[in-house]
>>> print(open('upload-v3.pdb').read())   # PDB, C-alpha atoms
ATOM      1  CA  MET U   1       0.000   0.000   0.000
ATOM      2  CA  GLN U   2       1.284   3.447  -0.862
ATOM      3  CA  THR U   3       1.855   5.981   1.878
ATOM      4  CA  GLN U   4      -0.990   8.304   2.836
ATOM      5  CA  ALA U   5       0.847  11.302   1.376
ATOM      6  CA  CYS U   6       0.545   9.812  -2.092
ATOM      7  CA  LYS U   7      -3.177   9.268  -1.979
ATOM      8  CA  LEU U   8      -5.717  11.410  -3.762
ATOM      9  CA  LYS U   9      -7.890  13.946  -1.988
ATOM     10  CA  THR U  10     -10.593  13.652  -4.619
ATOM     11  CA  ASN U  11     -13.179  10.924  -5.234
ATOM     12  CA  LEU U  12     -12.069   7.430  -4.261
ATOM     13  CA  ASP U  13     -15.432   5.806  -5.044
ATOM     14  CA  THR U  14     -13.927   4.163  -8.106
ATOM     15  CA  ASN U  15     -16.564   1.458  -8.454
ATOM     16  CA  LEU U  16     -19.181   4.152  -9.020
ATOM     17  CA  LEU U  17     -16.906   6.073 -11.375
ATOM     18  CA  LYS U  18     -16.102   2.958 -13.396
ATOM     19  CA  LEU U  19     -19.797   2.099 -13.616
ATOM     20  CA  VAL U  20     -20.592   5.571 -14.940
ATOM     21  CA  ALA U  21     -17.673   5.247 -17.355
ATOM     22  CA  VAL U  22     -18.774   1.890 -18.794
ATOM     23  CA  ILE U  23     -22.358   3.127 -19.195
ATOM     24  CA  ALA U  24     -21.110   6.260 -20.968
ATOM     25  CA  MET U  25     -18.837   4.114 -23.137
ATOM     26  CA  LEU U  26     -21.712   1.790 -24.027
ATOM     27  CA  ILE U  27     -23.893   4.732 -25.047
ATOM     28  CA  ASP U  28     -21.016   6.168 -27.071
ATOM     29  CA  HIS U  29     -20.350   2.907 -28.919
ATOM     30  CA  VAL U  30     -24.023   2.242 -29.612
ATOM     31  CA  GLY U  31     -24.214   5.720 -31.089
ATOM     32  CA  GLY U  32     -21.032   5.264 -33.113
ATOM     33  CA  ALA U  33     -22.166   1.926 -34.510
ATOM     34  CA  PHE U  34     -25.862   2.536 -35.154
ATOM     35  CA  PHE U  35     -26.583   6.276 -34.862
ATOM     36  CA  PRO U  36     -23.409   7.988 -36.119
ATOM     37  CA  THR U  37     -25.059  11.339 -36.832
ATOM     38  CA  VAL U  38     -27.015  11.601 -33.558
ATOM     39  CA  PRO U  39     -24.742  13.719 -31.342
ATOM     40  CA  GLY U  40     -26.255  12.972 -27.933
ATOM     41  CA  PHE U  41     -24.815   9.453 -27.823
ATOM     42  CA  ARG U  42     -21.298  10.646 -28.564
ATOM     43  CA  TRP U  43     -21.536  13.670 -26.256
ATOM     44  CA  ILE U  44     -22.370  11.455 -23.273
ATOM     45  CA  GLY U  45     -19.547   9.117 -24.258
ATOM     46  CA  ARG U  46     -16.925  11.847 -23.798
ATOM     47  CA  MET U  47     -17.084  11.259 -20.045
ATOM     48  CA  ALA U  48     -15.766   7.719 -20.290
ATOM     49  CA  PHE U  49     -12.100   8.205 -21.189
ATOM     50  CA  PRO U  50     -11.205  10.794 -18.513
ATOM     51  CA  LEU U  51     -13.034   8.739 -15.875
ATOM     52  CA  PHE U  52     -11.053   5.645 -16.854
ATOM     53  CA  CYS U  53      -7.823   7.662 -16.757
ATOM     54  CA  TYR U  54      -8.682   8.972 -13.309
ATOM     55  CA  CYS U  55      -9.558   5.517 -11.975
ATOM     56  CA  MET U  56      -6.303   4.141 -13.341
ATOM     57  CA  THR U  57      -4.396   6.915 -11.602
ATOM     58  CA  VAL U  58      -6.081   5.888  -8.362
ATOM     59  CA  GLY U  59      -5.143   2.306  -9.181
ATOM     60  CA  LEU U  60      -1.510   3.260  -9.717
ATOM     61  CA  LEU U  61      -1.408   4.932  -6.308
ATOM     62  CA  TYR U  62      -3.210   2.194  -4.428
ATOM     63  CA  THR U  63      -2.351  -1.095  -6.127
ATOM     64  CA  HIS U  64      -0.173  -3.638  -4.354
ATOM     65  CA  ASP U  65       1.316  -4.900  -7.625
ATOM     66  CA  VAL U  66       1.389  -2.602 -10.649
ATOM     67  CA  ARG U  67       2.889  -5.342 -12.826
ATOM     68  CA  ARG U  68      -0.166  -7.552 -12.351
ATOM     69  CA  TYR U  69      -2.370  -4.539 -13.035
ATOM     70  CA  LEU U  70      -0.537  -3.938 -16.310
ATOM     71  CA  GLY U  71      -0.691  -7.631 -17.134
ATOM     72  CA  ARG U  72      -4.483  -7.717 -16.792
ATOM     73  CA  LEU U  73      -4.803  -4.686 -19.048
ATOM     74  CA  ALA U  74      -2.523  -6.285 -21.631
ATOM     75  CA  VAL U  75      -4.508  -9.533 -21.696
ATOM     76  CA  PHE U  76      -7.840  -7.797 -22.186
ATOM     77  CA  ALA U  77      -6.366  -5.394 -24.749
ATOM     78  CA  VAL U  78      -5.340  -8.376 -26.894
ATOM     79  CA  VAL U  79      -8.630 -10.209 -26.319
ATOM     80  CA  SER U  80     -10.641  -7.107 -27.236
ATOM     81  CA  GLN U  81      -8.815  -6.280 -30.474
ATOM     82  CA  PRO U  82     -10.729  -8.637 -32.844
ATOM     83  CA  PHE U  83     -14.062  -7.583 -31.335
ATOM     84  CA  TRP U  84     -13.100  -3.926 -31.725
ATOM     85  CA  ILE U  85     -12.371  -4.446 -35.404
ATOM     86  CA  LEU U  86     -15.542  -6.462 -36.010
ATOM     87  CA  ALA U  87     -17.698  -3.917 -34.191
ATOM     88  CA  PHE U  88     -16.487  -0.842 -36.051
ATOM     89  CA  ASN U  89     -14.270  -1.813 -38.981
ATOM     90  CA  ARG U  90     -15.338  -5.208 -40.277
ATOM     91  CA  ASP U  91     -15.426  -3.874 -43.853
ATOM     92  CA  ASP U  92     -11.633  -3.530 -43.725
ATOM     93  CA  ILE U  93     -10.315  -6.043 -41.211
ATOM     94  CA  LEU U  94      -6.774  -6.239 -42.567
ATOM     95  CA  GLY U  95      -6.489  -2.462 -42.821
ATOM     96  CA  ASN U  96      -7.429  -2.068 -39.165
ATOM     97  CA  LEU U  97      -5.263  -4.738 -37.566
ATOM     98  CA  THR U  98      -3.048  -2.009 -36.105
ATOM     99  CA  ASN U  99      -5.889   0.412 -35.350
ATOM    100  CA  TRP U 100      -5.607  -0.260 -31.628
ATOM    101  CA  ASN U 101      -8.555  -0.359 -29.226
ATOM    102  CA  ILE U 102      -8.748   1.913 -26.193
ATOM    103  CA  TYR U 103      -7.374  -0.764 -23.859
ATOM    104  CA  PHE U 104      -3.993  -0.364 -25.575
ATOM    105  CA  THR U 105      -4.151   3.405 -25.051
ATOM    106  CA  LEU U 106      -4.892   2.912 -21.361
ATOM    107  CA  LEU U 107      -2.226   0.213 -21.036
ATOM    108  CA  LEU U 108       0.519   2.379 -22.520
ATOM    109  CA  SER U 109      -0.668   5.431 -20.580
ATOM    110  CA  LEU U 110      -0.482   3.517 -17.304
ATOM    111  CA  LEU U 111       2.890   2.070 -18.259
ATOM    112  CA  ALA U 112       4.137   5.593 -18.985
ATOM    113  CA  MET U 113       2.866   6.770 -15.603
ATOM    114  CA  TRP U 114       4.565   3.867 -13.864
ATOM    115  CA  GLY U 115       7.758   4.927 -15.601
ATOM    116  CA  PHE U 116       7.168   8.495 -14.400
ATOM    117  CA  GLN U 117       6.413   7.395 -10.845
ATOM    118  CA  SER U 118       9.450   5.118 -10.644
ATOM    119  CA  ARG U 119      11.702   7.569 -12.515
ATOM    120  CA  ARG U 120      12.220   5.191 -15.397
ATOM    121  CA  TRP U 121      12.318   8.122 -17.792
ATOM    122  CA  TRP U 122      13.210   5.950 -20.777
ATOM    123  CA  LEU U 123       9.998   3.974 -20.257
ATOM    124  CA  PHE U 124       7.913   7.109 -19.927
ATOM    125  CA  ALA U 125       9.411   8.592 -23.111
ATOM    126  CA  LEU U 126       9.066   5.335 -25.054
ATOM    127  CA  CYS U 127       5.375   4.954 -24.217
ATOM    128  CA  VAL U 128       4.613   8.566 -25.128
ATOM    129  CA  LEU U 129       6.401   8.163 -28.471
ATOM    130  CA  VAL U 130       4.530   4.946 -29.276
ATOM    131  CA  LEU U 131       1.221   6.629 -28.454
ATOM    132  CA  ALA U 132       2.145   9.692 -30.497
ATOM    133  CA  PHE U 133       3.103   7.842 -33.655
ATOM    134  CA  GLY U 134       0.876   4.774 -33.482
ATOM    135  CA  SER U 135      -2.815   4.479 -34.293
ATOM    136  CA  PHE U 136      -4.335   4.874 -30.829
ATOM    137  CA  ASP U 137      -7.573   6.495 -29.728
ATOM    138  CA  TYR U 138      -6.826   9.713 -27.832
ATOM    139  CA  ASN U 139      -3.146   9.499 -28.760
ATOM    140  CA  TYR U 140      -1.010  10.466 -25.734
ATOM    141  CA  ASN U 141      -3.825  12.495 -24.154
ATOM    142  CA  GLY U 142      -4.289   9.724 -21.605
ATOM    143  CA  VAL U 143      -0.774  10.365 -20.310
ATOM    144  CA  ILE U 144      -1.459  14.096 -20.018
ATOM    145  CA  LEU U 145      -4.683  13.483 -18.102
ATOM    146  CA  MET U 146      -3.020  10.988 -15.777
ATOM    147  CA  LEU U 147      -0.168  13.428 -15.148
ATOM    148  CA  ILE U 148      -2.715  16.065 -14.148
ATOM    149  CA  PHE U 149      -4.474  13.650 -11.816
ATOM    150  CA  TYR U 150      -1.209  12.319 -10.373
ATOM    151  CA  LEU U 151       0.719  15.555  -9.898
ATOM    152  CA  CYS U 152      -2.301  17.415  -8.502
ATOM    153  CA  ARG U 153      -3.476  14.543  -6.297
ATOM    154  CA  ASN U 154      -3.371  16.707  -3.176
ATOM    155  CA  LYS U 155      -4.509  19.929  -4.899
ATOM    156  CA  PRO U 156      -8.049  19.441  -6.205
ATOM    157  CA  ALA U 157      -8.484  23.096  -7.227
ATOM    158  CA  LEU U 158      -5.332  23.006  -9.344
ATOM    159  CA  MET U 159      -6.399  19.668 -10.793
ATOM    160  CA  ALA U 160      -9.744  21.141 -11.796
ATOM    161  CA  GLY U 161      -8.118  24.196 -13.367
ATOM    162  CA  LEU U 162      -5.649  22.191 -15.435
ATOM    163  CA  TYR U 163      -8.351  19.717 -16.465
ATOM    164  CA  ILE U 164     -10.554  22.551 -17.733
ATOM    165  CA  LEU U 165      -7.628  24.146 -19.563
ATOM    166  CA  PHE U 166      -6.852  20.821 -21.221
ATOM    167  CA  TRP U 167     -10.295  20.637 -22.835
ATOM    168  CA  LEU U 168     -10.776  24.393 -23.367
ATOM    169  CA  PRO U 169      -9.427  24.439 -26.973
ATOM    170  CA  ALA U 170     -12.580  22.513 -27.932
ATOM    171  CA  LEU U 171     -14.465  25.802 -27.639
ATOM    172  CA  TRP U 172     -12.979  26.980 -30.920
ATOM    173  CA  GLY U 173     -12.032  23.615 -32.421
ATOM    174  CA  GLY U 174     -15.386  22.621 -33.891
ATOM    175  CA  SER U 175     -16.553  22.554 -37.471
ATOM    176  CA  PRO U 176     -20.070  23.538 -38.602
ATOM    177  CA  GLU U 177     -19.950  20.576 -41.010
ATOM    178  CA  ASP U 178     -19.413  18.113 -38.175
ATOM    179  CA  PRO U 179     -22.811  16.607 -37.228
ATOM    180  CA  LEU U 180     -21.472  15.923 -33.730
ATOM    181  CA  ALA U 181     -20.415  19.514 -33.019
ATOM    182  CA  LEU U 182     -22.343  21.696 -30.585
ATOM    183  CA  VAL U 183     -23.491  24.712 -32.579
ATOM    184  CA  ILE U 184     -24.307  27.842 -30.577
ATOM    185  CA  GLY U 185     -25.350  30.923 -32.513
ATOM    186  CA  GLY U 186     -23.594  29.665 -35.619
ATOM    187  CA  HIS U 187     -20.378  28.898 -33.713
ATOM    188  CA  ALA U 188     -19.345  25.238 -33.635
ATOM    189  CA  VAL U 189     -17.845  23.817 -30.449
ATOM    190  CA  ASN U 190     -15.890  20.581 -30.754
ATOM    191  CA  TRP U 191     -17.783  17.731 -29.135
ATOM    192  CA  THR U 192     -14.829  16.779 -26.938
ATOM    193  CA  ILE U 193     -15.903  19.657 -24.680
ATOM    194  CA  PHE U 194     -18.370  17.253 -23.073
ATOM    195  CA  ALA U 195     -15.435  15.566 -21.317
ATOM    196  CA  LEU U 196     -15.893  18.363 -18.779
ATOM    197  CA  LEU U 197     -18.965  16.487 -17.541
ATOM    198  CA  ALA U 198     -16.618  14.029 -15.847
ATOM    199  CA  LEU U 199     -15.013  16.684 -13.643
ATOM    200  CA  PRO U 200     -17.713  16.949 -10.929
ATOM    201  CA  LEU U 201     -17.652  13.176 -10.513
ATOM    202  CA  ILE U 202     -13.883  13.260 -10.078
ATOM    203  CA  LEU U 203     -13.857  16.130  -7.592
ATOM    204  CA  CYS U 204     -16.868  15.337  -5.413
ATOM    205  CA  ARG U 205     -16.368  12.560  -2.898
ATOM    206  CA  THR U 206     -19.145  10.004  -3.067
ATOM    207  CA  HIS U 207     -19.771   7.010  -0.849
ATOM    208  CA  SER U 208     -22.034   4.748  -2.885
ATOM    209  CA  GLY U 209     -20.886   1.552  -1.203
ATOM    210  CA  LEU U 210     -20.916  -0.223  -4.569
ATOM    211  CA  LYS U 211     -18.847  -3.400  -4.613
ATOM    212  CA  ILE U 212     -18.496  -4.673  -8.155
ATOM    213  CA  PRO U 213     -15.975  -7.425  -9.022
ATOM    214  CA  LYS U 214     -13.040  -5.921 -10.901
ATOM    215  CA  TRP U 215     -13.331  -8.614 -13.545
ATOM    216  CA  PHE U 216     -16.718  -7.214 -14.545
ATOM    217  CA  PHE U 217     -15.106  -4.001 -15.731
ATOM    218  CA  TYR U 218     -12.342  -5.836 -17.577
ATOM    219  CA  ALA U 219     -14.737  -8.239 -19.299
ATOM    220  CA  PHE U 220     -17.388  -5.663 -20.115
ATOM    221  CA  TYR U 221     -15.296  -4.074 -22.853
ATOM    222  CA  PRO U 222     -14.789  -7.090 -25.138
ATOM    223  CA  ALA U 223     -18.262  -8.428 -24.265
ATOM    224  CA  HIS U 224     -20.128  -5.310 -25.319
ATOM    225  CA  LEU U 225     -18.027  -5.020 -28.477
ATOM    226  CA  ALA U 226     -18.932  -8.613 -29.358
ATOM    227  CA  VAL U 227     -22.627  -7.829 -28.914
ATOM    228  CA  ILE U 228     -22.369  -4.677 -31.042
ATOM    229  CA  ALA U 229     -20.538  -6.642 -33.755
ATOM    230  CA  LEU U 230     -23.180  -9.394 -33.689
ATOM    231  CA  VAL U 231     -26.112  -6.963 -33.792
ATOM    232  CA  GLY U 232     -24.453  -4.990 -36.573
ATOM    233  CA  TRP U 233     -23.883  -8.160 -38.593
ATOM    234  CA  CYS U 234     -27.512  -9.251 -38.108
ATOM    235  CA  MET U 235     -28.763  -5.815 -39.156
ATOM    236  CA  GLY U 236     -26.351  -5.583 -42.054
ATOM    237  CA  VAL U 237     -25.077  -2.259 -40.734
TER     238      VAL U 237
END
>>> encode(input="upload-v3.pdb", output="structure tokens")
Amino acid sequence: MQTQACKLKTNLDTNLLKLVAVIAMLIDHVGGAFFPTVPGFRWIGRMAFPLFCYCMTVGLLYTHDVRRYLGRLAVFAVVSQPFWILAFNRDDILGNLTNWNIYFTLLLSLLAMWGFQSRRWWLFALCVLVLAFGSFDYNYNGVILMLIFYLCRNKPALMAGLYILFWLPALWGGSPEDPLALVIGGHAVNWTIFALLALPLILCRTHSGLKIPKWFFYAFYPAHLAVIALVGWCMGV
């Protein structure tokens, strides 16, 4: 167990946060697969990635064995890859073999943060470079978010400020031609701005008492992708 000084002063109710994240992810993926031009699905889904990054930062600080944590992520990243391709890219399976699912992004982001925490700077730099030049969802943004959560673990106000600044460019990064953009008075706001919805959940301490087996969260990702792929195949979508 890490020392008390390392622990976060924000929300430690990670079972609740992970549950919100997987529900948001499910809504996002259903929208992406079956309702690609309906923005509400994708807007809600923007909460998922930062919540996962936050929960993994908590995991890094609290886990007894980070290597086993990384190993579990690696196993489910590999298991999920064919389902990810079949769910969203089955028309070009070979062309998407190296279009990596989000588990790989989270795995490399956590590995980078372990390198940062343990001062293995070569490992941190290597993971960031792989994320930057490979085909990963969110690129190296997961590392940036985890750095914010980790470095500001005892300064919630600073964490909130940096988190808002990170997503602020979305205010002028939208395109009126993008059906997922939020258009206000003719001005298009990039839909990633909805990641700000995750911030209150991160900052406010909750005590839900939820006790959900960790394997549920690991297995949910490939399982829901398999269902989406099957439904899409049956519908001919």
>>> resolve_selection(input="upload-v3.pdb", expression="the PyMOL selection byres ((chain U and resi 34-43) around 12)", output="number ranges by chain")
U: 23-33, 44-48, 87-88, 177-183, 189-198, 228-229, 231-233, 235-237
>>> resolve_selection(input="upload-v3.pdb", expression="the PyMOL selection byres ((chain U and resi 51) around 8)", output="list in words")
Leu17, Lys18, Ala21, Met47, Ala48, Phe49, Pro50, Phe52, Cys53, Tyr54, Cys55, Ala198 and Ile202 of chain U
>>> atom_distance(input="upload-v3.pdb", atom1="atom CA of U:Cys127", atom2="atom CA of U:Trp114")
10.4 Å
>>> residues_around(input="upload-v3.pdb", residues="U:Ser80", least_positions_apart="5", cutoff="12 Å", atoms="all atoms listed in the file", output="MDAnalysis selection string")
chainID U and resid 73:75 85:87 97 100:104 218:226 229
>>> residues_around(input="upload-v3.pdb", residues="U:Gln117", least_positions_apart="3", cutoff="12 Å", atoms="only C-alpha atoms", output="list in words")
Gln2, Cys6, Thr57, Leu60, Leu61, Val66, Leu110, Leu111, Ala112, Met113, Trp114, Arg120, Trp121, Leu123, Phe124, Met146, Leu147, Tyr150 and Leu151 of chain U
>>> axis_aligned_box(input="upload-v3.pdb", around="stretch 9-23 of chain U", padding_each_side="8 Å", output="JSON")
{"center_x": -15.1, "center_y": 7.7, "center_z": -10.6, "size_x": 30.5, "size_y": 28.5, "size_z": 33.2}
>>> residues_around(input="upload-v3.pdb", residues="U:Tyr140", least_positions_apart="4", cutoff="6 Å", atoms="all atoms listed in the file", output="short mmCIF file (atom, residue, chain, number, x, y, z; two decimals) with C-alpha atoms, keeping the file's coordinate frame")
data_model
loop_
_atom_site.label_atom_id
_atom_site.label_comp_id
_atom_site.auth_asym_id
_atom_site.auth_seq_id
_atom_site.Cartn_x
_atom_site.Cartn_y
_atom_site.Cartn_z
CA VAL U 128 4.61 8.57 -25.13
CA LEU U 131 1.22 6.63 -28.45
CA ALA U 132 2.14 9.69 -30.50
#
>>> closest_residue(input="upload-v3.pdb", among="U:Ser135, U:Thr10, U:Asn96, U:Asn15", to="U:Lys211", atoms="all atoms listed in the file")
U:Asn15
>>> atom_distance(input="upload-v3.pdb", atom1="atom CA of U:Phe136", atom2="atom CA of U:Phe217")
20.6 Å
>>> closest_residue(input="upload-v3.pdb", among="U:Met56, U:Arg119, U:Lys214, U:Ala157", to="U:Val143", atoms="only C-alpha atoms")
U:Met56
>>> residues_near_point(input="upload-v3.pdb", point="(-6.6, 23.2, -13.0)", cutoff="12 Å", atoms="all atoms listed in the file", output="MDAnalysis selection string")
chainID U and resid 145 147:149 151:153 155:168 196 199 203
>>> atom_distance(input="upload-v3.pdb", atom1="atom CA of U:Ala170", atom2="atom CA of U:Gly59")
28.6 Å
>>> residues_near_point(input="upload-v3.pdb", point="(-15.2, 25.4, -34.9)", cutoff="7 Å", atoms="only C-alpha atoms", output="PyMOL selection string")
chain U and resi 172-176+187-190
>>> closest_residue(input="upload-v3.pdb", among="U:Gly185, U:Ile212, U:Thr206, U:Leu201", to="U:Val20", atoms="all atoms listed in the file")
U:Leu201
